[in-house]
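Next comes start.tsv, with TSV, N, CA and C atoms.
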```
chain	number	residue	atom	x	y	z
V	92	GLN	N	0.83	-1.19	0.00
V	92	GLN	CA	0.00	0.00	0.00
V	92	GLN	C	0.87	1.25	0.00
V	93	VAL	N	0.23	2.35	-0.29
V	93	VAL	CA	0.91	3.63	-0.36
V	93	VAL	C	0.11	4.65	0.44
V	94	GLN	N	0.80	5.59	1.06
V	94	GLN	CA	0.11	6.63	1.82
V	94	GLN	C	-0.24	7.78	0.88
V	95	LEU	N	-1.49	8.19	0.92
V	95	LEU	CA	-1.99	9.25	0.05
V	95	LEU	C	-2.51	10.41	0.88
V	96	VAL	N	-2.20	11.62	0.48
V	96	VAL	CA	-2.67	12.81	1.18
V	96	VAL	C	-3.25	13.77	0.16
V	97	GLU	N	-4.54	14.08	0.35
V	97	GLU	CA	-5.20	15.03	-0.53
V	97	GLU	C	-5.09	16.45	0.01
V	98	SER	N	-5.12	17.41	-0.88
V	98	SER	CA	-5.15	18.82	-0.49
V	98	SER	C	-5.83	19.61	-1.59
V	99	GLY	N	-6.15	20.86	-1.28
V	99	GLY	CA	-6.72	21.74	-2.28
V	99	GLY	C	-8.21	21.98	-2.16
V	100	GLY	N	-8.84	21.29	-1.22
V	100	GLY	CA	-10.27	21.52	-1.03
V	100	GLY	C	-10.54	22.87	-0.40
V	101	GLY	N	-11.81	23.24	-0.35
V	101	GLY	CA	-12.18	24.51	0.26
V	101	GLY	C	-13.57	24.91	-0.15
V	102	LEU	N	-13.89	26.16	0.13
V	102	LEU	CA	-15.19	26.73	-0.21
V	102	LEU	C	-15.04	27.60	-1.45
V	103	VAL	N	-15.92	27.38	-2.41
V	103	VAL	CA	-15.88	28.15	-3.64
V	103	VAL	C	-17.31	28.47	-4.07
V	104	GLN	N	-17.47	29.57	-4.76
V	104	GLN	CA	-18.79	29.91	-5.28
V	104	GLN	C	-19.10	29.06	-6.50
V	105	ALA	N	-20.36	28.85	-6.74
V	105	ALA	CA	-20.78	28.13	-7.94
V	105	ALA	C	-20.19	28.82	-9.17
V	106	GLY	N	-19.67	27.99	-10.07
V	106	GLY	CA	-19.00	28.51	-11.26
V	106	GLY	C	-17.51	28.65	-11.09
V	107	GLY	N	-17.04	28.53	-9.87
V	107	GLY	CA	-15.62	28.67	-9.60
V	107	GLY	C	-14.84	27.40	-9.85
V	108	SER	N	-13.55	27.44	-9.51
V	108	SER	CA	-12.65	26.33	-9.77
V	108	SER	C	-11.83	25.99	-8.54
V	109	LEU	N	-11.44	24.74	-8.47
V	109	LEU	CA	-10.49	24.26	-7.48
V	109	LEU	C	-9.61	23.21	-8.14
V	110	ARG	N	-8.40	23.08	-7.64
V	110	ARG	CA	-7.54	21.98	-8.08
V	110	ARG	C	-7.14	21.17	-6.87
V	111	LEU	N	-7.54	19.93	-6.88
V	111	LEU	CA	-7.18	19.00	-5.82
V	111	LEU	C	-5.87	18.30	-6.18
V	112	SER	N	-5.07	18.06	-5.16
V	112	SER	CA	-3.83	17.33	-5.34
V	112	SER	C	-3.84	16.09	-4.45
V	113	CYS	N	-3.17	15.07	-4.92
V	113	CYS	CA	-3.03	13.83	-4.16
V	113	CYS	C	-1.56	13.47	-4.20
V	114	ALA	N	-0.89	13.62	-3.08
V	114	ALA	CA	0.53	13.32	-3.00
V	114	ALA	C	0.74	11.99	-2.31
V	115	ALA	N	1.71	11.26	-2.81
V	115	ALA	CA	1.98	9.94	-2.27
V	115	ALA	C	3.30	9.91	-1.52
V	116	SER	N	3.34	9.06	-0.53
V	116	SER	CA	4.60	8.81	0.18
V	116	SER	C	4.72	7.32	0.46
V	117	GLY	N	5.94	6.89	0.61
V	117	GLY	CA	6.16	5.49	0.91
V	117	GLY	C	6.46	4.67	-0.33
V	118	ARG	N	5.75	4.95	-1.40
V	118	ARG	CA	5.99	4.24	-2.66
V	118	ARG	C	5.73	5.20	-3.81
V	119	THR	N	6.30	4.88	-4.94
V	119	THR	CA	6.03	5.69	-6.11
V	119	THR	C	4.68	5.34	-6.71
V	120	LEU	N	4.01	6.35	-7.27
V	120	LEU	CA	2.73	6.13	-7.93
V	120	LEU	C	2.90	5.77	-9.40
V	121	ASN	N	4.13	5.73	-9.86
V	121	ASN	CA	4.38	5.66	-11.30
V	121	ASN	C	3.72	4.48	-11.99
V	122	THR	N	3.51	3.38	-11.28
V	122	THR	CA	2.94	2.20	-11.93
V	122	THR	C	1.51	1.93	-11.49
V	123	PHE	N	0.91	2.90	-10.81
V	123	PHE	CA	-0.43	2.69	-10.26
V	123	PHE	C	-1.49	3.43	-11.06
V	124	ALA	N	-2.59	2.77	-11.34
V	124	ALA	CA	-3.77	3.49	-11.78
V	124	ALA	C	-4.33	4.25	-10.58
V	125	MET	N	-4.88	5.43	-10.84
V	125	MET	CA	-5.35	6.29	-9.75
V	125	MET	C	-6.78	6.72	-10.01
V	126	GLY	N	-7.45	7.08	-8.94
V	126	GLY	CA	-8.82	7.54	-9.09
V	126	GLY	C	-9.18	8.58	-8.06
V	127	TRP	N	-10.22	9.32	-8.37
V	127	TRP	CA	-10.84	10.26	-7.43
V	127	TRP	C	-12.28	9.82	-7.22
V	128	PHE	N	-12.68	9.81	-5.98
V	128	PHE	CA	-14.05	9.51	-5.59
V	128	PHE	C	-14.56	10.65	-4.72
V	129	ARG	N	-15.87	10.71	-4.55
V	129	ARG	CA	-16.43	11.72	-3.66
V	129	ARG	C	-17.60	11.13	-2.89
V	130	GLN	N	-17.81	11.71	-1.72
V	130	GLN	CA	-18.88	11.23	-0.85
V	130	GLN	C	-19.56	12.42	-0.20
V	131	ALA	N	-20.83	12.59	-0.51
V	131	ALA	CA	-21.63	13.63	0.12
V	131	ALA	C	-22.27	13.05	1.38
V	132	PRO	N	-22.67	13.90	2.32
V	132	PRO	CA	-23.27	13.40	3.56
V	132	PRO	C	-24.47	12.51	3.30
V	133	GLY	N	-24.46	11.34	3.93
V	133	GLY	CA	-25.56	10.41	3.80
V	133	GLY	C	-25.61	9.65	2.49
V	134	LYS	N	-24.58	9.80	1.67
V	134	LYS	CA	-24.57	9.13	0.38
V	134	LYS	C	-23.37	8.21	0.26
V	135	ALA	N	-23.41	7.36	-0.74
V	135	ALA	CA	-22.31	6.42	-0.97
V	135	ALA	C	-21.11	7.16	-1.57
V	136	ARG	N	-19.97	6.51	-1.49
V	136	ARG	CA	-18.77	7.03	-2.12
V	136	ARG	C	-18.80	6.66	-3.59
V	137	ASN	N	-18.73	7.64	-4.45
V	137	ASN	CA	-18.90	7.42	-5.89
V	137	ASN	C	-17.68	7.82	-6.69
V	138	PHE	N	-17.47	7.11	-7.76
V	138	PHE	CA	-16.39	7.39	-8.69
V	138	PHE	C	-16.59	8.75	-9.34
V	139	VAL	N	-15.49	9.49	-9.47
V	139	VAL	CA	-15.51	10.78	-10.16
V	139	VAL	C	-14.65	10.73	-11.41
V	140	ALA	N	-13.40	10.28	-11.24
V	140	ALA	CA	-12.46	10.27	-12.36
V	140	ALA	C	-11.37	9.24	-12.11
V	141	GLY	N	-10.82	8.70	-13.20
V	141	GLY	CA	-9.73	7.76	-13.08
V	141	GLY	C	-8.70	7.98	-14.17
V	142	ILE	N	-7.48	7.53	-13.90
V	142	ILE	CA	-6.39	7.69	-14.87
V	142	ILE	C	-5.50	6.47	-14.80
V	143	SER	N	-5.04	6.03	-15.97
V	143	SER	CA	-4.15	4.87	-16.01
V	143	SER	C	-2.77	5.24	-15.50
V	144	TRP	N	-1.94	4.23	-15.26
V	144	TRP	CA	-0.63	4.48	-14.67
V	144	TRP	C	0.22	5.38	-15.56
V	145	ASN	N	0.01	5.29	-16.86
V	145	ASN	CA	0.82	6.07	-17.80
V	145	ASN	C	0.12	7.33	-18.29
V	146	GLY	N	-1.07	7.59	-17.78
V	146	GLY	CA	-1.80	8.79	-18.17
V	146	GLY	C	-2.47	8.73	-19.52
V	147	ILE	N	-2.37	7.59	-20.21
V	147	ILE	CA	-2.94	7.48	-21.55
V	147	ILE	C	-4.45	7.43	-21.52
V	148	SER	N	-4.99	6.76	-20.52
V	148	SER	CA	-6.44	6.61	-20.41
V	148	SER	C	-6.99	7.39	-19.24
V	149	THR	N	-8.10	8.05	-19.48
V	149	THR	CA	-8.82	8.72	-18.40
V	149	THR	C	-10.31	8.42	-18.54
V	150	GLY	N	-11.02	8.53	-17.44
V	150	GLY	CA	-12.45	8.30	-17.47
V	150	GLY	C	-13.14	9.14	-16.42
V	151	TYR	N	-14.40	9.50	-16.68
V	151	TYR	CA	-15.12	10.40	-15.80
V	151	TYR	C	-16.57	9.95	-15.65
V	152	VAL	N	-17.13	10.26	-14.51
V	152	VAL	CA	-18.56	10.09	-14.37
V	152	VAL	C	-19.23	11.15	-15.26
V	153	ASP	N	-20.39	10.84	-15.81
V	153	ASP	CA	-21.03	11.73	-16.78
V	153	ASP	C	-21.24	13.13	-16.23
V	154	SER	N	-21.55	13.25	-14.97
V	154	SER	CA	-21.91	14.55	-14.40
V	154	SER	C	-20.75	15.54	-14.34
V	155	VAL	N	-19.52	15.06	-14.51
V	155	VAL	CA	-18.37	15.99	-14.45
V	155	VAL	C	-17.64	16.10	-15.78
V	156	LYS	N	-18.05	15.34	-16.77
V	156	LYS	CA	-17.38	15.39	-18.07
V	156	LYS	C	-17.44	16.81	-18.64
V	157	GLY	N	-16.29	17.26	-19.13
V	157	GLY	CA	-16.21	18.60	-19.68
V	157	GLY	C	-15.92	19.67	-18.64
V	158	ARG	N	-16.01	19.31	-17.36
V	158	ARG	CA	-15.74	20.28	-16.28
V	158	ARG	C	-14.53	19.89	-15.45
V	159	PHE	N	-14.32	18.60	-15.24
V	159	PHE	CA	-13.21	18.12	-14.41
V	159	PHE	C	-12.16	17.47	-15.30
V	160	THR	N	-10.91	17.58	-14.87
V	160	THR	CA	-9.81	16.94	-15.59
V	160	THR	C	-8.87	16.28	-14.59
V	161	ILE	N	-8.64	14.99	-14.78
V	161	ILE	CA	-7.68	14.28	-13.95
V	161	ILE	C	-6.35	14.23	-14.70
V	162	SER	N	-5.27	14.40	-13.96
V	162	SER	CA	-3.94	14.34	-14.56
V	162	SER	C	-2.96	13.84	-13.52
V	163	ARG	N	-1.77	13.53	-13.98
V	163	ARG	CA	-0.76	13.05	-13.05
V	163	ARG	C	0.61	13.56	-13.46
V	164	ASP	N	1.45	13.75	-12.47
V	164	ASP	CA	2.85	14.10	-12.69
V	164	ASP	C	3.65	13.05	-11.93
V	165	ASN	N	4.08	12.04	-12.64
V	165	ASN	CA	4.79	10.94	-11.98
V	165	ASN	C	6.13	11.40	-11.40
V	166	ALA	N	6.72	12.41	-11.98
V	166	ALA	CA	7.98	12.91	-11.43
V	166	ALA	C	7.77	13.52	-10.04
V	167	LYS	N	6.58	14.05	-9.81
V	167	LYS	CA	6.25	14.64	-8.50
V	167	LYS	C	5.46	13.68	-7.63
V	168	ASN	N	5.19	12.48	-8.16
V	168	ASN	CA	4.44	11.49	-7.38
V	168	ASN	C	3.09	12.05	-6.94
V	169	THR	N	2.43	12.75	-7.84
V	169	THR	CA	1.20	13.47	-7.51
V	169	THR	C	0.17	13.31	-8.62
V	170	VAL	N	-1.08	13.22	-8.18
V	170	VAL	CA	-2.22	13.18	-9.10
V	170	VAL	C	-3.09	14.40	-8.79
V	171	TYR	N	-3.70	14.93	-9.84
V	171	TYR	CA	-4.49	16.15	-9.69
V	171	TYR	C	-5.92	15.94	-10.19
V	172	LEU	N	-6.80	16.76	-9.67
V	172	LEU	CA	-8.16	16.85	-10.21
V	172	LEU	C	-8.49	18.33	-10.34
V	173	GLN	N	-8.49	18.80	-11.57
V	173	GLN	CA	-8.88	20.18	-11.85
V	173	GLN	C	-10.39	20.22	-12.00
V	174	MET	N	-11.02	21.04	-11.19
V	174	MET	CA	-12.48	21.12	-11.18
V	174	MET	C	-12.90	22.53	-11.56
V	175	ASN	N	-13.57	22.65	-12.69
V	175	ASN	CA	-14.05	23.94	-13.18
V	175	ASN	C	-15.56	23.96	-13.20
V	176	SER	N	-16.12	25.15	-13.28
V	176	SER	CA	-17.58	25.31	-13.35
V	176	SER	C	-18.27	24.52	-12.26
V	177	LEU	N	-17.78	24.67	-11.06
V	177	LEU	CA	-18.32	23.89	-9.95
V	177	LEU	C	-19.78	24.22	-9.66
V	178	LYS	N	-20.51	23.19	-9.28
V	178	LYS	CA	-21.93	23.31	-8.97
V	178	LYS	C	-22.16	22.91	-7.51
V	179	PRO	N	-23.23	23.38	-6.92
V	179	PRO	CA	-23.51	22.97	-5.53
V	179	PRO	C	-23.56	21.45	-5.36
V	180	GLU	N	-24.00	20.73	-6.37
V	180	GLU	CA	-24.07	19.28	-6.25
V	180	GLU	C	-22.71	18.60	-6.30
V	181	ASP	N	-21.65	19.36	-6.58
V	181	ASP	CA	-20.29	18.80	-6.53
V	181	ASP	C	-19.74	18.79	-5.11
V	182	ALA	N	-20.42	19.42	-4.19
V	182	ALA	CA	-19.94	19.49	-2.81
V	182	ALA	C	-19.88	18.09	-2.19
V	183	ALA	N	-18.75	17.77	-1.61
V	183	ALA	CA	-18.54	16.43	-1.03
V	183	ALA	C	-17.15	16.39	-0.44
V	184	VAL	N	-16.86	15.29	0.22
V	184	VAL	CA	-15.47	14.98	0.56
V	184	VAL	C	-14.89	14.20	-0.61
V	185	TYR	N	-13.76	14.65	-1.09
V	185	TYR	CA	-13.12	14.03	-2.24
V	185	TYR	C	-11.94	13.18	-1.77
V	186	TYR	N	-11.92	11.96	-2.25
V	186	TYR	CA	-10.89	10.99	-1.87
V	186	TYR	C	-10.05	10.59	-3.08
V	187	CYS	N	-8.78	10.48	-2.84
V	187	CYS	CA	-7.85	9.95	-3.82
V	187	CYS	C	-7.63	8.47	-3.52
V	188	ALA	N	-7.47	7.67	-4.57
V	188	ALA	CA	-7.28	6.24	-4.37
V	188	ALA	C	-6.28	5.69	-5.37
V	189	ALA	N	-5.60	4.63	-4.96
V	189	ALA	CA	-4.59	4.00	-5.81
V	189	ALA	C	-4.89	2.52	-5.98
V	190	ASN	N	-4.73	2.05	-7.20
V	190	ASN	CA	-4.75	0.61	-7.50
V	190	ASN	C	-3.31	0.19	-7.69
V	191	SER	N	-2.75	-0.51	-6.71
V	191	SER	CA	-1.32	-0.76	-6.70
V	191	SER	C	-0.91	-2.06	-7.37
V	192	LYS	N	-1.80	-2.63	-8.13
V	192	LYS	CA	-1.45	-3.84	-8.88
V	192	LYS	C	-0.69	-3.41	-10.12
V	193	THR	N	0.61	-3.71	-10.14
V	193	THR	CA	1.44	-3.29	-11.26
V	193	THR	C	0.94	-3.93	-12.55
V	194	THR	N	0.81	-3.13	-13.56
V	194	THR	CA	0.29	-3.62	-14.81
V	194	THR	C	0.92	-2.86	-15.96
V	195	THR	N	0.94	-3.48	-17.12
V	195	THR	CA	1.41	-2.79	-18.31
V	195	THR	C	0.24	-2.27	-19.14
V	196	SER	N	-0.99	-2.59	-18.72
V	196	SER	CA	-2.14	-2.11	-19.49
V	196	SER	C	-2.44	-0.68	-19.13
V	197	SER	N	-3.26	-0.05	-19.93
V	197	SER	CA	-3.66	1.34	-19.69
V	197	SER	C	-5.08	1.40	-19.15
V	198	ASN	N	-5.39	0.45	-18.27
V	198	ASN	CA	-6.74	0.40	-17.72
V	198	ASN	C	-6.98	1.49	-16.70
V	199	ILE	N	-8.22	1.88	-16.58
V	199	ILE	CA	-8.68	2.69	-15.47
V	199	ILE	C	-9.75	1.88	-14.74
V	200	PHE	N	-10.01	2.24	-13.51
V	200	PHE	CA	-10.89	1.45	-12.66
V	200	PHE	C	-11.99	2.35	-12.10
V	201	PHE	N	-13.20	1.81	-12.11
V	201	PHE	CA	-14.37	2.61	-11.77
V	201	PHE	C	-14.98	2.25	-10.42
V	202	LEU	N	-14.59	1.12	-9.87
V	202	LEU	CA	-15.21	0.64	-8.64
V	202	LEU	C	-14.29	0.86	-7.45
V	203	ALA	N	-14.87	1.28	-6.33
V	203	ALA	CA	-14.07	1.53	-5.13
V	203	ALA	C	-13.32	0.27	-4.69
V	204	ARG	N	-13.92	-0.89	-4.86
V	204	ARG	CA	-13.27	-2.12	-4.39
V	204	ARG	C	-12.03	-2.48	-5.21
V	205	GLU	N	-11.84	-1.82	-6.33
V	205	GLU	CA	-10.65	-2.09	-7.15
V	205	GLU	C	-9.43	-1.29	-6.68
V	206	TYR	N	-9.61	-0.42	-5.70
V	206	TYR	CA	-8.53	0.39	-5.18
V	206	TYR	C	-8.13	-0.12	-3.80
V	207	ASP	N	-6.84	-0.14	-3.51
V	207	ASP	CA	-6.39	-0.69	-2.24
V	207	ASP	C	-5.73	0.31	-1.31
V	208	SER	N	-5.59	1.55	-1.76
V	208	SER	CA	-5.05	2.60	-0.89
V	208	SER	C	-5.92	3.85	-1.05
V	209	TRP	N	-6.18	4.48	0.09
V	209	TRP	CA	-7.06	5.65	0.09
V	209	TRP	C	-6.46	6.75	0.95
V	210	GLY	N	-6.72	7.99	0.53
V	210	GLY	CA	-6.37	9.12	1.37
V	210	GLY	C	-7.47	9.40	2.38
V	211	GLN	N	-7.25	10.43	3.18
V	211	GLN	CA	-8.20	10.79	4.23
V	211	GLN	C	-9.31	11.69	3.72
V	212	GLY	N	-9.14	12.25	2.55
V	212	GLY	CA	-10.19	13.08	1.96
V	212	GLY	C	-9.95	14.56	2.18
V	213	THR	N	-10.51	15.35	1.27
V	213	THR	CA	-10.47	16.80	1.38
V	213	THR	C	-11.86	17.33	1.06
V	214	GLN	N	-12.33	18.28	1.87
V	214	GLN	CA	-13.69	18.77	1.76
V	214	GLN	C	-13.80	19.82	0.67
V	215	VAL	N	-14.81	19.67	-0.17
V	215	VAL	CA	-15.14	20.69	-1.17
V	215	VAL	C	-16.54	21.17	-0.90
V	216	ALA	N	-16.69	22.47	-0.72
V	216	ALA	CA	-18.00	23.09	-0.50
V	216	ALA	C	-18.24	24.11	-1.61
V	217	VAL	N	-19.45	24.13	-2.14
V	217	VAL	CA	-19.79	25.03	-3.24
V	217	VAL	C	-21.03	25.82	-2.84
V	218	SER	N	-20.90	27.12	-2.79
V	218	SER	CA	-22.04	27.97	-2.42
V	218	SER	C	-22.77	28.43	-3.67
V	219	SER	N	-24.08	28.49	-3.55
V	219	SER	CA	-24.89	28.88	-4.72
V	219	SER	C	-25.11	30.38	-4.75
```

Kindly present the structure from the file in C-alpha cells form.
Amino acid sequence: QVQLVESGGGLVQAGGSLRLSCAASGRTLNTFAMGWFRQAPGKARNFVAGISWNGISTGYVDSVKGRFTISRDNAKNTVYLQMNSLKPEDAAVYYCAANSKTTTSSNIFFLAREYDSWGQGTQVAVSS
C-alpha cells in the first residue's frame, strides 16, 4: 500500500474552480492506476475520475465530463483533479485512491473495491 494525502479543497462559489492534489509517500505512484471519488453526507462514495498508470487513459462520471480533468505528474508522485464550473451538487469529501497492482495495461478502474489505498479526503464546498 501507499500513503496518500489530498489537499486543495475549500469553499468556492458556484461557477468557480479548485484543483485538488493527491501526494503519495512510501511508494512511487508511477505504476499505479489512480482515481478520485467523492462522498456527500448520507450518500455512498462514488467514482468521479480515473487515470491509467501512464496517463494514456482517463475516465469520468457523466456529471463531471467537460468540467473536471484528472492528470498526473509521476515525477512529482502526484495526481491532480482540476475542477471547473463547480456546482452545488459537486460538494462532497473528495478521496484519492490507488490501485497498486502493477500492470502494463492502460486500464482505469471505476469501482471503489478495485482500489487498495485511500487518502483521508479533502472537503469541497460550493455555495450557490

For V:Phe138, list every protein, DNA or RNA residue within 8 Å, evaluated using all atoms listed in the file, and leave out those in the same chain fewer than 6 positions away; present the list as a ChimeraX atom specification.
/V:126-130,150-153,200-203

For V:Ala114, work out the shell of residues within 7 Å, counting only N, CA and C atoms and skipping chain neighbours fewer than 6 positions away, then give it as a ChimeraX atom specification.
/V:94-98,167-170

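For the choices V:Lys192, V:Lys178, V:Arg110, V:Arg118, the atom-to-atom distance to V:Trp144 is smallest for V:Lys192 when using only C-alpha atoms.
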
I'd like the contact shell of V:Gly106 - 10 Å cut-off, only C-alpha atoms, skipping same-chain residues fewer than 6 positions apart - returned as a short mmCIF file (atom, residue, chain, number, x, y, z; two decimals) with N, CA and C atoms, in the frame of the given file.
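Below is the file result_27.cif, written as the result:
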```cif
data_model
loop_
_atom_site.label_atom_id
_atom_site.label_comp_id
_atom_site.auth_asym_id
_atom_site.auth_seq_id
_atom_site.Cartn_x
_atom_site.Cartn_y
_atom_site.Cartn_z
N MET V 174 -11.02 21.04 -11.19
CA MET V 174 -12.48 21.12 -11.18
C MET V 174 -12.90 22.53 -11.56
N ASN V 175 -13.57 22.65 -12.69
CA ASN V 175 -14.05 23.94 -13.18
C ASN V 175 -15.56 23.96 -13.20
N SER V 176 -16.12 25.15 -13.28
CA SER V 176 -17.58 25.31 -13.35
C SER V 176 -18.27 24.52 -12.26
N LEU V 177 -17.78 24.67 -11.06
CA LEU V 177 -18.32 23.89 -9.95
C LEU V 177 -19.78 24.22 -9.66
N LYS V 178 -20.51 23.19 -9.28
CA LYS V 178 -21.93 23.31 -8.97
C LYS V 178 -22.16 22.91 -7.51
N PRO V 179 -23.23 23.38 -6.92
CA PRO V 179 -23.51 22.97 -5.53
C PRO V 179 -23.56 21.45 -5.36
N VAL V 217 -19.45 24.13 -2.14
CA VAL V 217 -19.79 25.03 -3.24
C VAL V 217 -21.03 25.82 -2.84
N SER V 218 -20.90 27.12 -2.79
CA SER V 218 -22.04 27.97 -2.42
C SER V 218 -22.77 28.43 -3.67
N SER V 219 -24.08 28.49 -3.55
CA SER V 219 -24.89 28.88 -4.72
C SER V 219 -25.11 30.38 -4.75
#
```

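Of the listed residues (V:Thr160, V:Asn165, V:Ser112, V:Gln104), V:Ser112 comes nearest to V:Cys187; the distances count all atoms listed in the file.
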
Determine, counting only C-alpha atoms, every residue of protein, DNA or RNA that lies within 9 Å of (-3.6, 5.5, -4.1) in the file coordinates, then give the result as a list in words.
Gln92, Val93, Gln94, Leu95, Cys113, Ala114, Ala115, Leu120, Phe123, Ala124, Met125, Gly126, Cys187, Ala188, Ala189, Asn190, Ser191, Tyr206, Asp207, Ser208, Trp209 and Gly210 of chain V

Taking all atoms listed in the file into account, name the residue in V:Arg163, V:Asn198, V:Tyr186, V:Glu180 that is nearest to V:Ser143.
V:Asn198

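Of the residues in stretch 94-212 of chain V, those given helix (DSSP H, G or I) by DSSP on the backbone are Asp153, Ser154, Val155, Asn165, Ala166, Lys167, Pro179, Glu180, Asp181, Ala203, Arg204 and Glu205 of chain V.
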
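Atom CA of V:Thr149 to atom N of V:Thr122 spans 15.2 Å [interatomic distance, one decimal].
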
List as a ChimeraX atom specification the protein and nucleic acid residues near V:Leu111, meaning an atom at most 5 Å away when only N, CA and C atoms are counted, but skip any in the same chain fewer than 3 places from it.
/V:98-99,171-173

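For the pair atom CA of V:Asn121 and atom CA of V:Thr213, the separation is 22.5 Å.
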
So the first atom is atom N of V:Ser197 and the second is atom C of V:Asn137; what is the distance between them in Å, to one decimal place?
21.1 Å

Counting only N, CA and C atoms, the residue of V:Phe159, V:Val184, V:Gln211, V:Asp164 that sits nearest V:Pro132
V:Val184

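Take the candidates V:Leu109, V:Val215, V:Ala131, V:Val139 and check each one against V:Lys156 using all atoms listed in the file; the shortest distance goes to V:Val139.
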
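Of the residues listed (V:Ala183, V:Ser108, V:Ala216, V:Glu205), V:Ala183 shows the shortest atom-to-atom separation from V:Lys134; distances use only C-alpha atoms.
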
Check the DSSP output for the backbone and give back, as number ranges by chain, the residues of stretch 108-213 of chain V in strand (DSSP E).
V: 109-116, 124-130, 136-142, 149-151, 159-164, 169-174, 183-190, 208-209, 213
